[in-house]
$ cat run.cif   # mmCIF, N, CA and C atoms
data_my_file
#
loop_
_atom_site.label_atom_id
_atom_site.label_comp_id
_atom_site.auth_asym_id
_atom_site.auth_seq_id
_atom_site.Cartn_x
_atom_site.Cartn_y
_atom_site.Cartn_z
N ASP A 34 0.83 -1.18 0.00
CA ASP A 34 0.00 0.00 0.00
C ASP A 34 0.88 1.24 0.00
N ALA A 35 0.45 2.24 -0.72
CA ALA A 35 1.18 3.52 -0.78
C ALA A 35 0.20 4.61 -1.17
N LEU A 36 0.58 5.82 -0.86
CA LEU A 36 -0.21 6.99 -1.22
C LEU A 36 0.46 7.68 -2.40
N GLU A 37 -0.31 7.86 -3.49
CA GLU A 37 0.22 8.55 -4.66
C GLU A 37 -0.17 10.03 -4.56
N LEU A 38 0.83 10.88 -4.55
CA LEU A 38 0.62 12.31 -4.37
C LEU A 38 0.36 12.96 -5.72
N THR A 39 -0.67 13.77 -5.80
CA THR A 39 -1.02 14.44 -7.04
C THR A 39 -1.46 15.86 -6.75
N ALA A 40 -1.58 16.65 -7.77
CA ALA A 40 -2.03 18.04 -7.62
C ALA A 40 -3.51 18.17 -7.96
N GLY A 41 -4.11 17.09 -8.42
CA GLY A 41 -5.52 17.14 -8.80
C GLY A 41 -5.70 17.84 -10.14
N SER A 42 -6.92 17.83 -10.59
CA SER A 42 -7.24 18.44 -11.87
C SER A 42 -8.71 18.83 -11.83
N SER A 43 -9.06 19.74 -12.68
CA SER A 43 -10.47 20.12 -12.77
C SER A 43 -10.74 20.65 -14.17
N LEU A 44 -12.00 20.73 -14.52
CA LEU A 44 -12.35 21.27 -15.82
C LEU A 44 -12.00 22.74 -15.92
N LEU A 45 -11.90 23.43 -14.79
CA LEU A 45 -11.56 24.85 -14.80
C LEU A 45 -10.06 25.10 -14.92
N ASN A 46 -9.27 24.09 -14.64
CA ASN A 46 -7.82 24.27 -14.62
C ASN A 46 -7.13 22.95 -15.00
N PRO A 47 -7.44 22.37 -16.16
CA PRO A 47 -6.99 21.02 -16.45
C PRO A 47 -5.48 20.85 -16.62
N MET A 48 -4.76 21.87 -17.01
CA MET A 48 -3.34 21.71 -17.26
C MET A 48 -2.49 21.84 -16.00
N TYR A 49 -3.08 22.19 -14.87
CA TYR A 49 -2.29 22.35 -13.66
C TYR A 49 -1.59 21.05 -13.27
N LEU A 50 -2.29 19.93 -13.42
CA LEU A 50 -1.68 18.65 -13.08
C LEU A 50 -0.59 18.26 -14.08
N PHE A 51 -0.76 18.58 -15.34
CA PHE A 51 0.13 18.06 -16.38
C PHE A 51 1.31 18.96 -16.69
N ARG A 52 1.17 20.23 -16.57
CA ARG A 52 2.19 21.23 -16.86
C ARG A 52 2.65 21.14 -18.32
N GLY A 53 3.09 22.24 -18.80
CA GLY A 53 3.50 22.34 -20.19
C GLY A 53 2.41 23.01 -21.01
N GLU A 54 2.64 23.04 -22.31
CA GLU A 54 1.70 23.69 -23.21
C GLU A 54 0.37 22.95 -23.26
N ALA A 55 -0.70 23.70 -23.41
CA ALA A 55 -2.03 23.12 -23.61
C ALA A 55 -2.23 22.90 -25.11
N PRO A 56 -2.38 21.66 -25.55
CA PRO A 56 -2.52 21.38 -26.99
C PRO A 56 -3.94 21.66 -27.50
N LEU A 57 -4.28 22.93 -27.57
CA LEU A 57 -5.65 23.33 -27.90
C LEU A 57 -6.08 22.87 -29.30
N ARG A 58 -5.21 23.01 -30.27
CA ARG A 58 -5.57 22.60 -31.64
C ARG A 58 -5.90 21.10 -31.68
N GLU A 59 -5.09 20.31 -30.98
CA GLU A 59 -5.30 18.87 -30.97
C GLU A 59 -6.57 18.49 -30.19
N PHE A 60 -6.81 19.19 -29.06
CA PHE A 60 -8.04 18.95 -28.31
C PHE A 60 -9.26 19.26 -29.17
N ALA A 61 -9.23 20.40 -29.86
CA ALA A 61 -10.35 20.79 -30.71
C ALA A 61 -10.60 19.74 -31.78
N ALA A 62 -9.54 19.26 -32.41
CA ALA A 62 -9.68 18.27 -33.48
C ALA A 62 -10.32 16.97 -32.99
N ALA A 63 -10.14 16.66 -31.70
CA ALA A 63 -10.69 15.43 -31.15
C ALA A 63 -12.14 15.55 -30.71
N MET A 64 -12.68 16.76 -30.75
CA MET A 64 -14.03 17.02 -30.24
C MET A 64 -15.04 17.13 -31.37
N PRO A 65 -16.29 16.75 -31.08
CA PRO A 65 -17.35 16.95 -32.08
C PRO A 65 -17.78 18.43 -32.09
N GLN A 66 -18.41 18.82 -33.17
CA GLN A 66 -19.01 20.16 -33.20
C GLN A 66 -20.22 20.15 -32.27
N PRO A 67 -20.58 21.15 -31.59
CA PRO A 67 -20.07 22.51 -31.56
C PRO A 67 -18.94 22.71 -30.55
N ILE A 68 -18.57 21.63 -29.83
CA ILE A 68 -17.51 21.76 -28.83
C ILE A 68 -16.20 22.17 -29.50
N ARG A 69 -15.92 21.62 -30.67
CA ARG A 69 -14.70 21.97 -31.41
C ARG A 69 -14.61 23.47 -31.64
N LEU A 70 -15.70 24.05 -32.10
CA LEU A 70 -15.74 25.49 -32.34
C LEU A 70 -15.50 26.26 -31.04
N GLY A 71 -16.11 25.80 -29.96
CA GLY A 71 -15.93 26.45 -28.67
C GLY A 71 -14.49 26.41 -28.20
N VAL A 72 -13.82 25.29 -28.40
CA VAL A 72 -12.40 25.19 -28.02
C VAL A 72 -11.57 26.17 -28.84
N HIS A 73 -11.86 26.26 -30.14
CA HIS A 73 -11.14 27.21 -30.99
C HIS A 73 -11.37 28.65 -30.54
N LEU A 74 -12.61 28.98 -30.20
CA LEU A 74 -12.94 30.37 -29.89
C LEU A 74 -12.49 30.81 -28.50
N VAL A 75 -12.68 29.97 -27.49
CA VAL A 75 -12.39 30.42 -26.12
C VAL A 75 -11.43 29.52 -25.36
N GLY A 76 -10.96 28.46 -25.97
CA GLY A 76 -10.07 27.53 -25.27
C GLY A 76 -8.83 28.19 -24.71
N GLY A 77 -8.24 29.10 -25.47
CA GLY A 77 -7.03 29.77 -25.02
C GLY A 77 -7.26 30.67 -23.82
N LYS A 78 -8.47 31.14 -23.65
CA LYS A 78 -8.79 31.98 -22.49
C LYS A 78 -9.12 31.15 -21.26
N LEU A 79 -9.63 29.94 -21.47
CA LEU A 79 -10.06 29.10 -20.36
C LEU A 79 -9.00 28.10 -19.90
N ILE A 80 -8.23 27.59 -20.82
CA ILE A 80 -7.25 26.56 -20.49
C ILE A 80 -5.86 27.18 -20.50
N ARG A 81 -5.32 27.36 -19.32
CA ARG A 81 -4.00 27.98 -19.19
C ARG A 81 -2.89 26.94 -19.30
N SER A 82 -1.74 27.38 -19.72
CA SER A 82 -0.54 26.55 -19.73
C SER A 82 0.29 26.89 -18.51
N TYR A 83 0.99 25.90 -18.00
CA TYR A 83 1.89 26.09 -16.86
C TYR A 83 3.27 25.60 -17.28
N PRO A 84 4.31 26.28 -16.86
CA PRO A 84 5.65 25.85 -17.28
C PRO A 84 5.95 24.43 -16.80
N TYR A 85 6.59 23.68 -17.65
CA TYR A 85 7.01 22.32 -17.30
C TYR A 85 8.42 22.38 -16.72
N GLN A 86 8.63 21.61 -15.69
CA GLN A 86 9.98 21.34 -15.20
C GLN A 86 9.97 19.92 -14.66
N GLU A 87 11.08 19.27 -14.75
CA GLU A 87 11.20 17.90 -14.23
C GLU A 87 10.82 17.87 -12.75
N ALA A 88 10.04 16.89 -12.37
CA ALA A 88 9.62 16.66 -10.98
C ALA A 88 8.94 17.89 -10.38
N TYR A 89 8.01 18.47 -11.12
CA TYR A 89 7.39 19.73 -10.71
C TYR A 89 6.55 19.63 -9.44
N LEU A 90 6.21 18.43 -8.98
CA LEU A 90 5.48 18.30 -7.73
C LEU A 90 6.37 17.89 -6.55
N LEU A 91 7.66 17.77 -6.78
CA LEU A 91 8.57 17.29 -5.74
C LEU A 91 8.57 18.17 -4.50
N GLU A 92 8.62 19.47 -4.67
CA GLU A 92 8.69 20.35 -3.51
C GLU A 92 7.47 20.18 -2.61
N SER A 93 6.30 20.11 -3.19
CA SER A 93 5.08 19.89 -2.40
C SER A 93 5.09 18.49 -1.77
N ALA A 94 5.55 17.51 -2.53
CA ALA A 94 5.57 16.13 -2.03
C ALA A 94 6.53 15.98 -0.85
N ARG A 95 7.58 16.77 -0.81
CA ARG A 95 8.52 16.71 0.33
C ARG A 95 7.82 17.03 1.64
N GLN A 96 6.83 17.88 1.60
CA GLN A 96 6.08 18.21 2.82
C GLN A 96 5.34 16.97 3.34
N PHE A 97 4.77 16.20 2.44
CA PHE A 97 4.12 14.96 2.85
C PHE A 97 5.14 13.96 3.37
N ARG A 98 6.27 13.86 2.66
CA ARG A 98 7.31 12.90 3.07
C ARG A 98 7.76 13.19 4.50
N ALA A 99 7.85 14.46 4.86
CA ALA A 99 8.28 14.84 6.20
C ALA A 99 7.21 14.59 7.25
N ALA A 100 5.94 14.54 6.83
CA ALA A 100 4.83 14.48 7.79
C ALA A 100 4.27 13.07 8.01
N VAL A 101 4.45 12.17 7.08
CA VAL A 101 3.84 10.84 7.21
C VAL A 101 4.89 9.75 7.10
N LYS A 102 4.57 8.60 7.67
CA LYS A 102 5.50 7.47 7.67
C LYS A 102 5.18 6.44 6.59
N MET A 103 3.98 6.52 6.03
CA MET A 103 3.57 5.50 5.06
C MET A 103 4.33 5.63 3.74
N PRO A 104 4.37 4.58 2.93
CA PRO A 104 5.03 4.66 1.62
C PRO A 104 4.35 5.68 0.71
N LEU A 105 5.16 6.46 0.00
CA LEU A 105 4.66 7.51 -0.89
C LEU A 105 5.15 7.29 -2.31
N ILE A 106 4.31 7.70 -3.26
CA ILE A 106 4.64 7.63 -4.68
C ILE A 106 4.76 9.07 -5.18
N LEU A 107 5.91 9.42 -5.73
CA LEU A 107 6.10 10.75 -6.31
C LEU A 107 5.56 10.75 -7.73
N LEU A 108 4.77 11.75 -8.04
CA LEU A 108 4.14 11.91 -9.35
C LEU A 108 4.41 13.32 -9.83
N GLY A 109 4.43 13.52 -11.11
CA GLY A 109 4.50 14.88 -11.65
C GLY A 109 5.78 15.18 -12.37
N GLY A 110 5.85 14.83 -13.63
CA GLY A 110 7.00 15.20 -14.43
C GLY A 110 8.24 14.39 -14.16
N VAL A 111 8.08 13.15 -13.80
CA VAL A 111 9.23 12.26 -13.59
C VAL A 111 9.51 11.57 -14.92
N SER A 112 10.65 11.88 -15.51
CA SER A 112 10.99 11.23 -16.77
C SER A 112 12.47 10.92 -16.91
N GLN A 113 13.28 11.29 -15.93
CA GLN A 113 14.73 11.06 -16.02
C GLN A 113 15.20 10.20 -14.85
N ARG A 114 16.21 9.40 -15.08
CA ARG A 114 16.75 8.49 -14.07
C ARG A 114 17.24 9.24 -12.84
N GLU A 115 17.91 10.38 -13.01
CA GLU A 115 18.42 11.11 -11.85
C GLU A 115 17.30 11.60 -10.94
N THR A 116 16.14 11.89 -11.52
CA THR A 116 14.98 12.28 -10.71
C THR A 116 14.49 11.11 -9.88
N MET A 117 14.44 9.94 -10.49
CA MET A 117 14.04 8.74 -9.76
C MET A 117 14.99 8.47 -8.61
N ASP A 118 16.28 8.55 -8.88
CA ASP A 118 17.27 8.31 -7.84
C ASP A 118 17.15 9.33 -6.71
N LEU A 119 16.95 10.59 -7.05
CA LEU A 119 16.76 11.64 -6.04
C LEU A 119 15.55 11.35 -5.18
N ALA A 120 14.44 10.98 -5.81
CA ALA A 120 13.21 10.68 -5.06
C ALA A 120 13.44 9.52 -4.09
N MET A 121 14.10 8.49 -4.54
CA MET A 121 14.38 7.34 -3.67
C MET A 121 15.32 7.74 -2.53
N ASP A 122 16.33 8.53 -2.85
CA ASP A 122 17.25 9.01 -1.81
C ASP A 122 16.54 9.85 -0.76
N GLU A 123 15.46 10.54 -1.15
CA GLU A 123 14.72 11.40 -0.23
C GLU A 123 13.60 10.66 0.50
N GLY A 124 13.50 9.35 0.28
CA GLY A 124 12.56 8.56 1.05
C GLY A 124 11.26 8.20 0.36
N PHE A 125 11.11 8.54 -0.91
CA PHE A 125 9.93 8.09 -1.65
C PHE A 125 10.16 6.64 -2.06
N GLN A 126 9.14 5.83 -1.88
CA GLN A 126 9.31 4.41 -2.20
C GLN A 126 9.10 4.11 -3.68
N PHE A 127 8.33 4.97 -4.36
CA PHE A 127 8.01 4.74 -5.77
C PHE A 127 7.95 6.08 -6.50
N VAL A 128 8.06 6.01 -7.80
CA VAL A 128 7.77 7.16 -8.66
C VAL A 128 6.77 6.71 -9.71
N ALA A 129 5.94 7.62 -10.17
CA ALA A 129 4.96 7.33 -11.20
C ALA A 129 5.39 8.03 -12.48
N MET A 130 5.27 7.32 -13.58
CA MET A 130 5.58 7.88 -14.90
C MET A 130 4.42 7.59 -15.82
N ALA A 131 4.19 8.49 -16.77
CA ALA A 131 3.14 8.23 -17.75
C ALA A 131 3.57 8.70 -19.13
N ARG A 132 3.65 10.01 -19.33
CA ARG A 132 3.92 10.52 -20.68
C ARG A 132 5.22 9.98 -21.26
N ALA A 133 6.25 9.90 -20.45
CA ALA A 133 7.53 9.39 -20.96
C ALA A 133 7.40 7.94 -21.42
N LEU A 134 6.55 7.16 -20.74
CA LEU A 134 6.36 5.76 -21.13
C LEU A 134 5.47 5.63 -22.36
N LEU A 135 4.60 6.60 -22.59
CA LEU A 135 3.85 6.59 -23.84
C LEU A 135 4.79 6.76 -25.02
N ARG A 136 5.77 7.63 -24.85
CA ARG A 136 6.74 7.87 -25.93
C ARG A 136 7.65 6.66 -26.11
N GLU A 137 8.08 6.06 -24.98
CA GLU A 137 9.04 4.95 -25.02
C GLU A 137 8.64 3.88 -24.01
N PRO A 138 7.83 2.93 -24.40
CA PRO A 138 7.40 1.90 -23.46
C PRO A 138 8.55 1.11 -22.83
N ASP A 139 9.68 1.05 -23.48
CA ASP A 139 10.84 0.30 -22.96
C ASP A 139 11.81 1.18 -22.17
N LEU A 140 11.42 2.41 -21.85
CA LEU A 140 12.33 3.36 -21.22
C LEU A 140 12.94 2.84 -19.92
N LEU A 141 12.14 2.26 -19.06
CA LEU A 141 12.67 1.78 -17.77
C LEU A 141 13.70 0.68 -17.95
N ASN A 142 13.46 -0.22 -18.88
CA ASN A 142 14.45 -1.28 -19.14
C ASN A 142 15.76 -0.68 -19.65
N ARG A 143 15.65 0.32 -20.52
CA ARG A 143 16.87 0.95 -21.04
C ARG A 143 17.60 1.73 -19.95
N MET A 144 16.85 2.38 -19.05
CA MET A 144 17.47 3.11 -17.94
C MET A 144 18.15 2.15 -16.97
N GLN A 145 17.54 0.99 -16.77
CA GLN A 145 18.14 0.00 -15.89
C GLN A 145 19.44 -0.52 -16.50
N ALA A 146 19.47 -0.69 -17.80
CA ALA A 146 20.68 -1.17 -18.47
C ALA A 146 21.76 -0.11 -18.54
N ASP A 147 21.35 1.16 -18.68
CA ASP A 147 22.31 2.26 -18.78
C ASP A 147 21.72 3.49 -18.09
N ALA A 148 22.24 3.84 -16.94
CA ALA A 148 21.70 4.95 -16.14
C ALA A 148 21.79 6.29 -16.85
N ARG A 149 22.58 6.38 -17.90
CA ARG A 149 22.72 7.64 -18.64
C ARG A 149 21.61 7.84 -19.68
N THR A 150 20.75 6.86 -19.85
CA THR A 150 19.66 6.93 -20.83
C THR A 150 18.75 8.11 -20.50
N ARG A 151 18.43 8.91 -21.50
CA ARG A 151 17.56 10.08 -21.34
C ARG A 151 16.22 9.82 -22.02
N SER A 152 15.17 10.27 -21.41
CA SER A 152 13.84 10.16 -22.00
C SER A 152 13.75 11.06 -23.23
N LEU A 153 13.04 10.60 -24.23
CA LEU A 153 12.81 11.40 -25.44
C LEU A 153 11.53 12.22 -25.36
N CYS A 154 10.76 12.04 -24.28
CA CYS A 154 9.51 12.80 -24.13
C CYS A 154 9.83 14.29 -24.00
N ILE A 155 9.14 15.10 -24.80
CA ILE A 155 9.38 16.56 -24.76
C ILE A 155 8.24 17.27 -24.02
N HIS A 156 7.32 16.51 -23.44
CA HIS A 156 6.22 17.05 -22.62
C HIS A 156 5.39 18.07 -23.40
N CYS A 157 5.10 17.74 -24.64
CA CYS A 157 4.29 18.61 -25.49
C CYS A 157 2.81 18.46 -25.19
N ASN A 158 2.45 17.41 -24.47
CA ASN A 158 1.07 17.13 -24.08
C ASN A 158 0.15 16.78 -25.24
N LYS A 159 0.69 16.56 -26.42
CA LYS A 159 -0.16 16.20 -27.55
C LYS A 159 -0.70 14.78 -27.43
N CYS A 160 -0.20 14.03 -26.45
CA CYS A 160 -0.77 12.71 -26.17
C CYS A 160 -2.12 12.83 -25.47
N MET A 161 -2.34 13.94 -24.78
CA MET A 161 -3.56 14.08 -23.98
C MET A 161 -4.85 13.97 -24.80
N PRO A 162 -4.98 14.63 -25.93
CA PRO A 162 -6.23 14.50 -26.70
C PRO A 162 -6.46 13.09 -27.26
N THR A 163 -5.44 12.23 -27.27
CA THR A 163 -5.62 10.88 -27.78
C THR A 163 -6.38 9.99 -26.82
N ILE A 164 -6.71 10.49 -25.62
CA ILE A 164 -7.48 9.68 -24.68
C ILE A 164 -8.84 9.31 -25.26
N PHE A 165 -9.29 10.05 -26.25
CA PHE A 165 -10.59 9.79 -26.87
C PHE A 165 -10.51 8.71 -27.95
N SER A 166 -9.30 8.35 -28.36
CA SER A 166 -9.16 7.41 -29.48
C SER A 166 -8.09 6.35 -29.25
N GLY A 167 -7.64 6.18 -28.04
CA GLY A 167 -6.55 5.22 -27.74
C GLY A 167 -5.29 5.99 -27.40
N THR A 168 -5.04 6.18 -26.14
CA THR A 168 -3.93 7.03 -25.68
C THR A 168 -2.59 6.57 -26.23
N HIS A 169 -1.87 7.51 -26.84
CA HIS A 169 -0.56 7.20 -27.40
C HIS A 169 0.23 8.50 -27.61
N CYS A 170 1.52 8.37 -27.80
CA CYS A 170 2.37 9.51 -28.13
C CYS A 170 2.27 9.75 -29.63
N VAL A 171 1.94 10.95 -30.00
CA VAL A 171 1.79 11.27 -31.43
C VAL A 171 3.15 11.43 -32.11
N LEU A 172 4.22 11.52 -31.34
CA LEU A 172 5.55 11.70 -31.90
C LEU A 172 6.30 10.38 -32.10
N ALA A 173 5.78 9.32 -31.49
CA ALA A 173 6.48 8.01 -31.57
C ALA A 173 6.17 7.33 -32.90
#
$ encode --input "run.cif" --output "structure tokens"
Amino acid sequence: DALELTAGSSLLNPMYLFRGEAPLREFAAAMPQPIRLGVHLVGGKLIRSYPYQEAYLLESARQFRAAVKMPLILLGGVSQRETMDLAMDEGFQFVAMARALLREPDLLNRMQADARTRSLCIHCNKCMPTIFSGTHCVLA
């Protein structure tokens, strides 16, 4: 058992959890009319982008790590081996990955074989609109 730490998400602020650019054009293309038109017209005003940085939830998660004894899972922009090692060194029992594994399903095996392996995920978030048609990385 472990607690996975997240920032949550909402329809009013969907990119807060994911960070990075909001792929509005791709979201619109995945929607039926009239929603597509609405995304084109007001999506940029409603859906904000947040800067991406590796392990963007780590600072908040450290507060939980200091306060509780149970196993914790670090989530939020984990895509590099050094981030995983840092999280483990700081007492997190697990890390969660998603977008990087969509781009490279074999990433963890390659990182285990060579710690210098870098993720190819650029955190463009264009995988997000594919949830309506089979989630995948559009760049792979």
$ atom_distance --input "run.cif" --atom1 "CA of Cys170 (chain A)" --atom2 "atom C of Glu59 (chain A)"
12.8 Å
$ resolve_selection --input "run.cif" --expression "the PyMOL selection byres (((chain A and resi 61 and name CA) around 10) and name CA)" --output "JSON list (two decimals) with N, CA and C atoms, in the coordinates of the input"
[["chain", "number", "residue", "atom", "x", "y", "z"],
["A", 56, "PRO", "N", -2.38, 21.66, -25.55],
["A", 56, "PRO", "CA", -2.52, 21.38, -26.99],
["A", 56, "PRO", "C", -3.94, 21.66, -27.50],
["A", 57, "LEU", "N", -4.28, 22.93, -27.57],
["A", 57, "LEU", "CA", -5.65, 23.33, -27.90],
["A", 57, "LEU", "C", -6.08, 22.87, -29.30],
["A", 58, "ARG", "N", -5.21, 23.01, -30.27],
["A", 58, "ARG", "CA", -5.57, 22.60, -31.64],
["A", 58, "ARG", "C", -5.90, 21.10, -31.68],
["A", 59, "GLU", "N", -5.09, 20.31, -30.98],
["A", 59, "GLU", "CA", -5.30, 18.87, -30.97],
["A", 59, "GLU", "C", -6.57, 18.49, -30.19],
["A", 60, "PHE", "N", -6.81, 19.19, -29.06],
["A", 60, "PHE", "CA", -8.04, 18.95, -28.31],
["A", 60, "PHE", "C", -9.26, 19.26, -29.17],
["A", 62, "ALA", "N", -9.54, 19.26, -32.41],
["A", 62, "ALA", "CA", -9.68, 18.27, -33.48],
["A", 62, "ALA", "C", -10.32, 16.97, -32.99],
["A", 63, "ALA", "N", -10.14, 16.66, -31.70],
["A", 63, "ALA", "CA", -10.69, 15.43, -31.15],
["A", 63, "ALA", "C", -12.14, 15.55, -30.71],
["A", 64, "MET", "N", -12.68, 16.76, -30.75],
["A", 64, "MET", "CA", -14.03, 17.02, -30.24],
["A", 64, "MET", "C", -15.04, 17.13, -31.37],
["A", 65, "PRO", "N", -16.29, 16.75, -31.08],
["A", 65, "PRO", "CA", -17.35, 16.95, -32.08],
["A", 65, "PRO", "C", -17.78, 18.43, -32.09],
["A", 66, "GLN", "N", -18.41, 18.82, -33.17],
["A", 66, "GLN", "CA", -19.01, 20.16, -33.20],
["A", 66, "GLN", "C", -20.22, 20.15, -32.27],
["A", 67, "PRO", "N", -20.58, 21.15, -31.59],
["A", 67, "PRO", "CA", -20.07, 22.51, -31.56],
["A", 67, "PRO", "C", -18.94, 22.71, -30.55],
["A", 68, "ILE", "N", -18.57, 21.63, -29.83],
["A", 68, "ILE", "CA", -17.51, 21.76, -28.83],
["A", 68, "ILE", "C", -16.20, 22.17, -29.50],
["A", 69, "ARG", "N", -15.92, 21.62, -30.67],
["A", 69, "ARG", "CA", -14.70, 21.97, -31.41],
["A", 69, "ARG", "C", -14.61, 23.47, -31.64],
["A", 70, "LEU", "N", -15.70, 24.05, -32.10],
["A", 70, "LEU", "CA", -15.74, 25.49, -32.34],
["A", 70, "LEU", "C", -15.50, 26.26, -31.04],
["A", 71, "GLY", "N", -16.11, 25.80, -29.96],
["A", 71, "GLY", "CA", -15.93, 26.45, -28.67],
["A", 71, "GLY", "C", -14.49, 26.41, -28.20],
["A", 72, "VAL", "N", -13.82, 25.29, -28.40],
["A", 72, "VAL", "CA", -12.40, 25.19, -28.02],
["A", 72, "VAL", "C", -11.57, 26.17, -28.84],
["A", 73, "HIS", "N", -11.86, 26.26, -30.14],
["A", 73, "HIS", "CA", -11.14, 27.21, -30.99],
["A", 73, "HIS", "C", -11.37, 28.65, -30.54],
["A", 74, "LEU", "N", -12.61, 28.98, -30.20],
["A", 74, "LEU", "CA", -12.94, 30.37, -29.89],
["A", 74, "LEU", "C", -12.49, 30.81, -28.50],
["A", 76, "GLY", "N", -10.96, 28.46, -25.97],
["A", 76, "GLY", "CA", -10.07, 27.53, -25.27],
["A", 76, "GLY", "C", -8.83, 28.19, -24.71],
["A", 162, "PRO", "N", -4.98, 14.63, -25.93],
["A", 162, "PRO", "CA", -6.23, 14.50, -26.70],
["A", 162, "PRO", "C", -6.46, 13.09, -27.26]]
$ closest_residue --input "run.cif" --among "A:Ala88, A:Ala55, A:Cys157, A:Leu38" --to "Gln113 (chain A)" --atoms "all atoms listed in the file"
A:Ala88
$ residues_around --input "run.cif" --residues "Leu134 (chain A)" --least-positions-apart "6" --cutoff "10 Å" --atoms "only C-alpha atoms" --output "ChimeraX atom specification"
/A:112,140-141,152-154,169-170
$ atom_distance --input "run.cif" --atom1 "CA of Thr39 (chain A)" --atom2 "CA of Asp147 (chain A)"
28.8 Å
$ residues_around --input "run.cif" --residues "Thr116 (chain A)" --least-positions-apart "6" --cutoff "10 Å" --atoms "only C-alpha atoms" --output "list in words"
Glu87, Ala88, Leu91, Gly110, Asp122 and Val128 of chain A
$ closest_residue --input "run.cif" --among "A:Arg136, A:Gly124, A:Leu90, A:Asn142" --to "Val171 (chain A)" --atoms "all atoms listed in the file"
A:Arg136
$ axis_aligned_box --input "run.cif" --around "region 62-66 of chain A" --padding-each-side "3 Å" --output "JSON"
{"center_x": -14.9, "center_y": 17.8, "center_z": -31.9, "size_x": 16.7, "size_y": 10.7, "size_z": 9.2}
$ atom_distance --input "run.cif" --atom1 "atom N of Leu45 (chain A)" --atom2 "atom C of Ser82 (chain A)"
13.2 Å
$ closest_residue --input "run.cif" --among "A:His156, A:Arg95, A:Arg114, A:Arg149" --to "Ala133 (chain A)" --atoms "only C-alpha atoms"
A:His156
$ resolve_selection --input "run.cif" --expression "the PyMOL selection byres (((chain A and resi 84 and name CA) around 8) and name CA)" --output "VMD selection string"
chain A and resid 52 to 54 82 to 83 85 to 86
$ residues_around --input "run.cif" --residues "Ala94 (chain A)" --least-positions-apart "2" --cutoff "8 Å" --atoms "all atoms listed in the file" --output "MDAnalysis selection string"
chainID A and resid 38:39 89:92 96:100 106:108
$ select_by_dssp --input "run.cif" --residues "chain A" --states "strand (DSSP E or B)" --output "PDB file with N, CA and C atoms, keeping the file's coordinate frame"
ATOM      1  N   LEU A  36       0.580   5.820  -0.860  1.00  0.00           N
ATOM      2  CA  LEU A  36      -0.210   6.990  -1.220  1.00  0.00           C
ATOM      3  C   LEU A  36       0.460   7.680  -2.400  1.00  0.00           C
ATOM      4  N   GLU A  37      -0.310   7.860  -3.490  1.00  0.00           N
ATOM      5  CA  GLU A  37       0.220   8.550  -4.660  1.00  0.00           C
ATOM      6  C   GLU A  37      -0.170  10.030  -4.560  1.00  0.00           C
ATOM      7  N   GLY A  53       3.090  22.240 -18.800  1.00  0.00           N
ATOM      8  CA  GLY A  53       3.500  22.340 -20.190  1.00  0.00           C
ATOM      9  C   GLY A  53       2.410  23.010 -21.010  1.00  0.00           C
ATOM     10  N   TYR A  83       0.990  25.900 -18.000  1.00  0.00           N
ATOM     11  CA  TYR A  83       1.890  26.090 -16.860  1.00  0.00           C
ATOM     12  C   TYR A  83       3.270  25.600 -17.280  1.00  0.00           C
ATOM     13  N   LEU A 105       5.160   6.460   0.000  1.00  0.00           N
ATOM     14  CA  LEU A 105       4.660   7.510  -0.890  1.00  0.00           C
ATOM     15  C   LEU A 105       5.150   7.290  -2.310  1.00  0.00           C
ATOM     16  N   ILE A 106       4.310   7.700  -3.260  1.00  0.00           N
ATOM     17  CA  ILE A 106       4.640   7.630  -4.680  1.00  0.00           C
ATOM     18  C   ILE A 106       4.760   9.070  -5.180  1.00  0.00           C
ATOM     19  N   LEU A 107       5.910   9.420  -5.730  1.00  0.00           N
ATOM     20  CA  LEU A 107       6.100  10.750  -6.310  1.00  0.00           C
ATOM     21  C   LEU A 107       5.560  10.750  -7.730  1.00  0.00           C
ATOM     22  N   PHE A 127       8.330   4.970  -4.360  1.00  0.00           N
ATOM     23  CA  PHE A 127       8.010   4.740  -5.770  1.00  0.00           C
ATOM     24  C   PHE A 127       7.950   6.080  -6.500  1.00  0.00           C
ATOM     25  N   VAL A 128       8.060   6.010  -7.800  1.00  0.00           N
ATOM     26  CA  VAL A 128       7.770   7.160  -8.660  1.00  0.00           C
ATOM     27  C   VAL A 128       6.770   6.710  -9.710  1.00  0.00           C
TER      28      VAL A 128
END
$ select_by_dssp --input "run.cif" --residues "region 55-149 of chain A" --states "helix (DSSP H, G or I)" --output "PyMOL selection string"
chain A and resi 57-63+68-79+91-100+114-122+132-136+140-146
$ resolve_selection --input "run.cif" --expression "the PyMOL selection byres (((chain A and resi 127 and name CA) around 9) and name CA)" --output "list in words"
Ala35, Glu37, Pro104, Leu105, Ile106, Leu107, Leu108, Met117, Ala120, Met121, Phe125, Gln126, Val128 and Ala129 of chain A
